[in-house]
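Source file: run.cif (mmCIF, C-alpha atoms and all ligand atoms)
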```
data_input
#
loop_
_atom_site.label_atom_id
_atom_site.label_comp_id
_atom_site.auth_asym_id
_atom_site.auth_seq_id
_atom_site.Cartn_x
_atom_site.Cartn_y
_atom_site.Cartn_z
CA MET H 1412 73.14 102.76 96.32
CA ILE H 1413 75.78 105.38 97.02
CA LEU H 1414 76.92 103.19 99.94
CA LEU H 1415 77.52 100.24 97.64
CA GLU H 1416 79.27 102.41 95.06
CA SER H 1417 81.48 103.88 97.79
CA LEU H 1418 82.41 100.36 98.80
CA PHE H 1419 83.06 99.41 95.16
CA PHE H 1420 85.36 102.39 94.78
CA ILE H 1421 87.39 101.88 97.96
CA LEU H 1422 87.52 98.06 97.95
CA PRO H 1423 91.13 97.83 96.65
CA THR H 1424 92.24 99.97 99.61
CA TYR H 1425 90.35 97.84 102.14
CA VAL H 1426 91.62 94.59 100.66
CA ALA H 1427 95.22 95.84 100.45
CA ASN H 1428 95.12 96.86 104.10
CA GLY H 1429 93.48 93.59 105.18
CA CYS H 1430 95.90 91.47 103.15
CA ALA H 1431 98.91 93.28 104.67
CA SER H 1432 97.65 92.11 108.07
CA LEU H 1433 96.76 88.63 106.83
CA SER H 1434 100.21 88.20 105.28
CA THR H 1435 101.45 87.27 108.78
CA SER H 1436 99.23 84.17 108.70
CA ILE H 1437 100.17 82.91 105.22
CA PRO H 1438 102.68 80.04 105.55
CA ILE H 1439 105.07 80.99 102.72
CA LEU H 1440 105.06 84.67 103.69
CA LYS H 1441 105.04 84.30 107.46
CA ASN H 1442 108.79 84.12 107.96
CA TRP H 1443 109.68 86.95 105.62
CA SER H 1444 109.29 89.66 108.21
CA THR H 1445 112.05 92.14 107.30
CA PRO H 1446 110.83 95.48 108.65
CA ILE H 1447 110.89 98.42 106.23
CA ASP H 1448 113.00 100.43 108.68
CA PHE H 1449 115.42 97.43 108.94
CA GLY H 1450 115.16 97.76 112.72
CA HIS H 1451 116.70 101.21 112.77
CA GLU H 1452 116.00 103.72 115.49
CA TRP H 1453 115.96 107.50 115.40
CA LYS H 1454 116.51 109.40 118.64
CA GLY H 1455 115.98 106.25 120.69
CA LYS H 1456 112.73 105.22 119.03
CA ARG H 1457 112.05 102.90 116.09
CA ILE H 1458 111.37 104.69 112.81
CA LEU H 1459 108.39 102.52 111.81
CA GLY H 1460 108.51 99.41 113.99
CA ASP H 1461 108.30 95.65 113.38
CA GLY H 1462 104.65 95.89 112.29
CA LYS H 1463 105.54 97.48 108.93
CA THR H 1464 107.16 94.93 106.63
CA PHE H 1465 108.06 94.68 102.93
CA ARG H 1466 105.92 91.54 102.84
CA GLY H 1467 102.88 93.50 103.99
CA ILE H 1468 103.35 96.24 101.41
CA LEU H 1469 104.00 93.87 98.50
CA PHE H 1470 101.29 91.33 99.29
CA GLY H 1471 98.79 94.07 100.14
CA THR H 1472 99.42 95.97 96.90
CA PHE H 1473 99.20 92.71 94.91
CA CYS H 1474 95.81 91.83 96.46
CA GLY H 1475 94.51 95.35 95.84
CA ILE H 1476 95.37 95.06 92.13
CA LEU H 1477 93.64 91.66 91.92
CA VAL H 1478 90.49 93.33 93.23
CA GLY H 1479 90.89 96.03 90.58
CA ILE H 1480 91.02 93.38 87.83
CA LEU H 1481 87.86 91.72 89.17
CA GLU H 1482 86.14 95.10 89.35
CA PHE H 1483 86.96 95.76 85.69
CA PHE H 1484 84.91 92.72 84.70
CA ILE H 1485 82.07 93.46 87.13
CA ALA H 1486 81.80 97.19 86.30
CA LYS H 1487 80.34 96.51 82.84
CA HIS H 1488 77.26 95.01 84.46
CA ILE H 1489 76.57 97.73 87.02
CA ASP H 1490 74.32 100.74 86.47
CA PHE H 1491 76.38 103.30 88.34
CA GLN H 1492 74.70 106.46 89.62
CA HIS H 1493 77.87 108.13 90.87
CA LEU H 1494 80.81 106.31 89.28
CA GLY H 1495 79.54 106.69 85.70
CA GLN H 1496 82.99 106.58 84.11
CA PHE H 1497 83.65 103.16 85.58
CA LYS H 1498 81.27 101.39 83.21
CA ASP H 1499 83.35 101.98 80.10
CA ALA H 1500 86.73 102.31 81.78
CA THR H 1501 89.60 100.23 80.41
CA LEU H 1502 91.51 97.50 82.19
CA VAL H 1503 94.51 99.85 82.29
CA PHE H 1504 92.40 102.41 84.18
CA PHE H 1505 91.40 99.79 86.76
CA LEU H 1506 94.98 98.55 87.09
CA LYS H 1507 96.29 102.06 87.70
CA LEU H 1508 93.46 103.04 90.04
CA SER H 1509 93.67 99.88 92.15
CA PHE H 1510 97.45 100.25 92.42
CA LEU H 1511 97.05 103.84 93.63
CA LEU H 1512 94.25 102.88 96.03
CA GLY H 1513 96.07 99.86 97.45
CA PHE H 1514 99.65 101.09 97.55
CA GLY H 1515 98.53 104.59 98.61
CA GLY H 1516 96.55 103.10 101.47
CA LEU H 1517 99.59 101.18 102.68
CA VAL H 1518 101.75 104.31 102.45
CA GLY H 1519 99.13 106.10 104.57
CA ASP H 1520 99.51 103.31 107.14
CA LEU H 1521 103.31 103.74 107.10
CA VAL H 1522 103.06 107.49 107.64
CA LYS H 1523 100.70 106.87 110.57
CA SER H 1524 103.20 104.45 112.16
CA LEU H 1525 106.01 106.96 111.63
CA ILE H 1526 104.03 109.59 113.55
CA LYS H 1527 102.97 107.07 116.23
CA ARG H 1528 106.61 106.16 116.90
CA ARG H 1529 107.61 109.85 117.13
CA LEU H 1530 104.82 110.33 119.68
CA GLY H 1531 106.18 107.37 121.63
CA ILE H 1532 103.17 105.07 121.01
CA LYS H 1533 104.38 101.48 120.87
CA ARG H 1534 103.78 99.18 117.91
CA GLY H 1535 100.32 97.65 118.06
CA ARG H 1536 98.95 100.08 120.66
CA PRO H 1537 95.74 101.80 119.56
CA TRP H 1538 95.73 105.36 118.28
CA PRO H 1539 92.16 106.20 117.25
CA PRO H 1540 90.90 107.48 114.91
CA PHE H 1541 94.07 107.25 112.83
CA ASP H 1542 94.48 103.45 112.94
CA GLN H 1543 91.00 103.31 111.40
CA THR H 1544 91.46 105.94 108.70
CA ASP H 1545 95.18 106.04 107.77
CA PHE H 1546 94.67 103.73 104.76
CA LEU H 1547 91.59 105.67 103.62
CA ILE H 1548 93.48 108.97 103.68
CA GLY H 1549 96.46 107.46 101.80
CA GLY H 1550 94.25 105.66 99.29
CA LEU H 1551 92.19 108.78 98.53
CA LEU H 1552 95.24 111.04 98.21
CA PHE H 1553 97.06 108.69 95.82
CA SER H 1554 93.98 107.80 93.76
CA SER H 1555 93.04 111.46 93.36
CA LEU H 1556 95.99 111.69 90.95
CA LEU H 1557 93.82 109.69 88.56
CA TYR H 1558 90.22 109.88 89.77
CA PHE H 1559 88.31 111.74 92.50
CA PRO H 1560 84.95 110.21 93.53
CA GLY H 1561 83.48 113.53 94.77
CA TRP H 1562 83.05 115.06 98.22
CA THR H 1563 79.79 113.26 99.06
CA MET H 1564 81.41 109.88 98.55
CA THR H 1565 84.53 111.04 100.40
CA PHE H 1566 82.36 112.03 103.37
CA ILE H 1567 80.54 108.68 103.32
CA LEU H 1568 83.86 106.85 103.20
CA PHE H 1569 85.11 108.63 106.32
CA ILE H 1570 81.98 107.51 108.21
CA MET H 1571 81.89 104.00 106.74
CA THR H 1572 85.58 103.06 107.05
CA PRO H 1573 85.94 103.01 110.88
CA VAL H 1574 82.79 100.86 111.10
CA VAL H 1575 84.07 98.38 108.48
CA HIS H 1576 87.50 98.41 110.15
CA LEU H 1577 86.05 97.58 113.57
CA PHE H 1578 83.89 94.72 112.27
CA SER H 1579 86.67 93.20 110.16
CA ASN H 1580 89.14 93.41 113.06
CA ILE H 1581 86.74 91.73 115.48
CA THR H 1582 86.17 89.00 112.88
CA ALA H 1583 89.93 88.53 112.36
CA TYR H 1584 90.41 88.42 116.14
CA LEU H 1585 87.70 85.77 116.59
CA LEU H 1586 89.29 83.73 113.77
CA LYS H 1587 92.63 84.08 115.60
CA LEU H 1588 94.18 85.89 112.62
CA LYS H 1589 94.87 88.95 114.76
CA ASP H 1590 96.08 89.21 118.35
CA VAL H 1591 94.04 92.25 119.39
CA TRP H 1592 90.44 93.14 118.58
CA TRP H 1593 91.20 96.75 117.55
N1 LIG D 1601 101.67 94.33 108.58
C1 LIG D 1601 102.83 94.13 107.85
N2 LIG D 1601 103.27 95.09 106.97
C2 LIG D 1601 102.57 96.23 106.78
C3 LIG D 1601 101.38 96.45 107.51
C4 LIG D 1601 100.96 95.48 108.41
O1 LIG D 1601 103.48 93.09 107.99
N3 LIG D 1601 103.03 97.13 105.89
C5 LIG D 1601 101.24 93.29 109.53
C6 LIG D 1601 102.08 93.31 110.82
O2 LIG D 1601 102.24 92.01 111.30
C7 LIG D 1601 101.22 94.15 111.76
C8 LIG D 1601 99.82 93.68 111.38
O3 LIG D 1601 99.88 93.49 109.96
O4 LIG D 1601 101.51 93.91 113.12
C9 LIG D 1601 98.73 94.69 111.74
O5 LIG D 1601 98.94 95.93 111.07
P1 LIG D 1601 98.81 97.32 111.79
O6 LIG D 1601 97.68 97.31 112.77
O7 LIG D 1601 98.82 98.35 110.74
O8 LIG D 1601 100.22 97.43 112.59
P2 LIG D 1601 100.58 97.49 114.13
O9 LIG D 1601 101.32 96.24 114.52
O10 LIG D 1601 99.37 97.85 114.92
O11 LIG D 1601 101.64 98.66 114.21
P3 LIG D 1601 101.43 100.24 114.39
O12 LIG D 1601 101.32 100.50 115.86
O13 LIG D 1601 102.67 100.79 113.79
O14 LIG D 1601 100.20 100.63 113.65
MG MG D 1602 97.46 98.53 114.61
#
```
Kindly transcribe the structure held in the file into structure tokens.
Amino acid sequence: MILLESLFFILPTYVANGCASLSTSIPILKNWSTPIDFGHEWKGKRILGDGKTFRGILFGTFCGILVGILEFFIAKHIDFQHLGQFKDATLVFFLKLSFLLGFGGLVGDLVKSLIKRRLGIKRGRPWPPFDQTDFLIGGLLFSSLLYFPGWTMTFILFIMTPVVHLFSNITAYLLKLKDVWW
């Protein structure tokens, strides 16, 4: 049960991260690929790279909040063991929390890319385990301003997230939504 509740808690982060990637395949968003660093370099290397766009951040955050709204309606019908406060939480709580989880996750991904570029790792090249956990770290840090799910759940999320990330990436690769399987 704690596994399912962990997933319920972190879902806005996962969906925000997934939707940022999927935004490249959505026809009306596809061509809006302005990078957040506007193509600028710093000491001969890109600041963030072409893989971090405004489109990704905006669409990802939007999808994360949609998940939060859905969760508000579902939460009333769940007998939580660990996320007790969620049952009677208001829509405003879910809106704030899903924004922090989604946007925070995407900021975590940006910070990871910033460090990758400083280390000279090219856009799209793997950098485990940070590619798999950047959004979790960002999502947890931002959401902790409003709600902390406890250390047990945090521990479970750090084990669960790389597994979910790997499976969803392989699926996206097989569906030709992503160019690389990692
Ligand atoms: N993406 C985006 N905007 C974001 C995050 C992701 O447009 N803020 C899209 C980009 O097309 C990106 C793809 O989703 O290439 C996959 O995301 P990710 O793996 O995070 O980026 P990488 O291209 O691997 O770049 P990096 O090496 O900087 O992680
Ligand atoms: Mg990547």
Requested in this report: Using all atoms listed in the file, determine which residues lie at most 10 Å from segment 1492-1501 of chain H, disregarding the query and same-chain residues fewer than 3 positions distant; provide the list as a ChimeraX atom specification.
Outcome: /H:1412-1413,1416-1417,1419-1420,1482-1489,1504-1506,1558-1561,1563-1564
Export of prior selection with C-alpha atoms as a PDB file, in the frame of the given file:
```pdb
ATOM      1  CA  MET H1412      73.140 102.760  96.320  1.00  0.00           C
ATOM      2  CA  ILE H1413      75.780 105.380  97.020  1.00  0.00           C
ATOM      3  CA  GLU H1416      79.270 102.410  95.060  1.00  0.00           C
ATOM      4  CA  SER H1417      81.480 103.880  97.790  1.00  0.00           C
ATOM      5  CA  PHE H1419      83.060  99.410  95.160  1.00  0.00           C
ATOM      6  CA  PHE H1420      85.360 102.390  94.780  1.00  0.00           C
ATOM      7  CA  GLU H1482      86.140  95.100  89.350  1.00  0.00           C
ATOM      8  CA  PHE H1483      86.960  95.760  85.690  1.00  0.00           C
ATOM      9  CA  PHE H1484      84.910  92.720  84.700  1.00  0.00           C
ATOM     10  CA  ILE H1485      82.070  93.460  87.130  1.00  0.00           C
ATOM     11  CA  ALA H1486      81.800  97.190  86.300  1.00  0.00           C
ATOM     12  CA  LYS H1487      80.340  96.510  82.840  1.00  0.00           C
ATOM     13  CA  HIS H1488      77.260  95.010  84.460  1.00  0.00           C
ATOM     14  CA  ILE H1489      76.570  97.730  87.020  1.00  0.00           C
ATOM     15  CA  PHE H1504      92.400 102.410  84.180  1.00  0.00           C
ATOM     16  CA  PHE H1505      91.400  99.790  86.760  1.00  0.00           C
ATOM     17  CA  LEU H1506      94.980  98.550  87.090  1.00  0.00           C
ATOM     18  CA  TYR H1558      90.220 109.880  89.770  1.00  0.00           C
ATOM     19  CA  PHE H1559      88.310 111.740  92.500  1.00  0.00           C
ATOM     20  CA  PRO H1560      84.950 110.210  93.530  1.00  0.00           C
ATOM     21  CA  GLY H1561      83.480 113.530  94.770  1.00  0.00           C
ATOM     22  CA  THR H1563      79.790 113.260  99.060  1.00  0.00           C
ATOM     23  CA  MET H1564      81.410 109.880  98.550  1.00  0.00           C
TER      24      MET H1564
END
```
For chain H against ligand MG 1602 (chain D), with a cut-off of 10 Å and counting only C-alpha atoms and all ligand atoms, what is the closest atom pair and its distance in Å to one decimal for every residue that makes the cut, ordered by chain and number, as a tab-separated table?
```
residue	atom	partner	partner_atom	distance
H:Ser1432	CA	D:MG1602	MG	9.2
H:Gly1462	CA	D:MG1602	MG	8.0
H:Lys1463	CA	D:MG1602	MG	9.9
H:Asp1520	CA	D:MG1602	MG	9.1
H:Lys1523	CA	D:MG1602	MG	9.8
H:Ser1524	CA	D:MG1602	MG	8.6
H:Lys1533	CA	D:MG1602	MG	9.8
H:Arg1534	CA	D:MG1602	MG	7.2
H:Gly1535	CA	D:MG1602	MG	4.6
H:Arg1536	CA	D:MG1602	MG	6.4
H:Pro1537	CA	D:MG1602	MG	6.2
H:Trp1538	CA	D:MG1602	MG	7.9
H:Pro1539	CA	D:MG1602	MG	9.7
H:Phe1541	CA	D:MG1602	MG	9.5
H:Asp1542	CA	D:MG1602	MG	6.0
H:Gln1543	CA	D:MG1602	MG	8.7
H:Asn1580	CA	D:MG1602	MG	9.9
H:Lys1589	CA	D:MG1602	MG	9.9
H:Val1591	CA	D:MG1602	MG	8.6
H:Trp1592	CA	D:MG1602	MG	9.7
H:Trp1593	CA	D:MG1602	MG	7.1
```
Query - Counting only C-alpha atoms, the option among H:Gly1450, H:Ile1480, H:Cys1430, H:Ser1579 closest to Arg1466 of chain H - result: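 Comparing H:Gly1450, H:Ile1480, H:Cys1430, H:Ser1579 against Arg1466 of chain H, the winner is H:Cys1430.
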For ligand LIG 1601 (chain D), I'd like the enclosing box, axis-aligned and padded by 6 Å on every side, reported as JSON with centre and edge lengths in Å to one decimal.
```
{"center_x": 100.6, "center_y": 96.4, "center_z": 110.9, "size_x": 17.8, "size_y": 20.8, "size_z": 22.0}
```
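A straight line drawn from atom CA of Phe1510 of chain H to atom CA of Ile1532 of chain H is 29.6 Å long.
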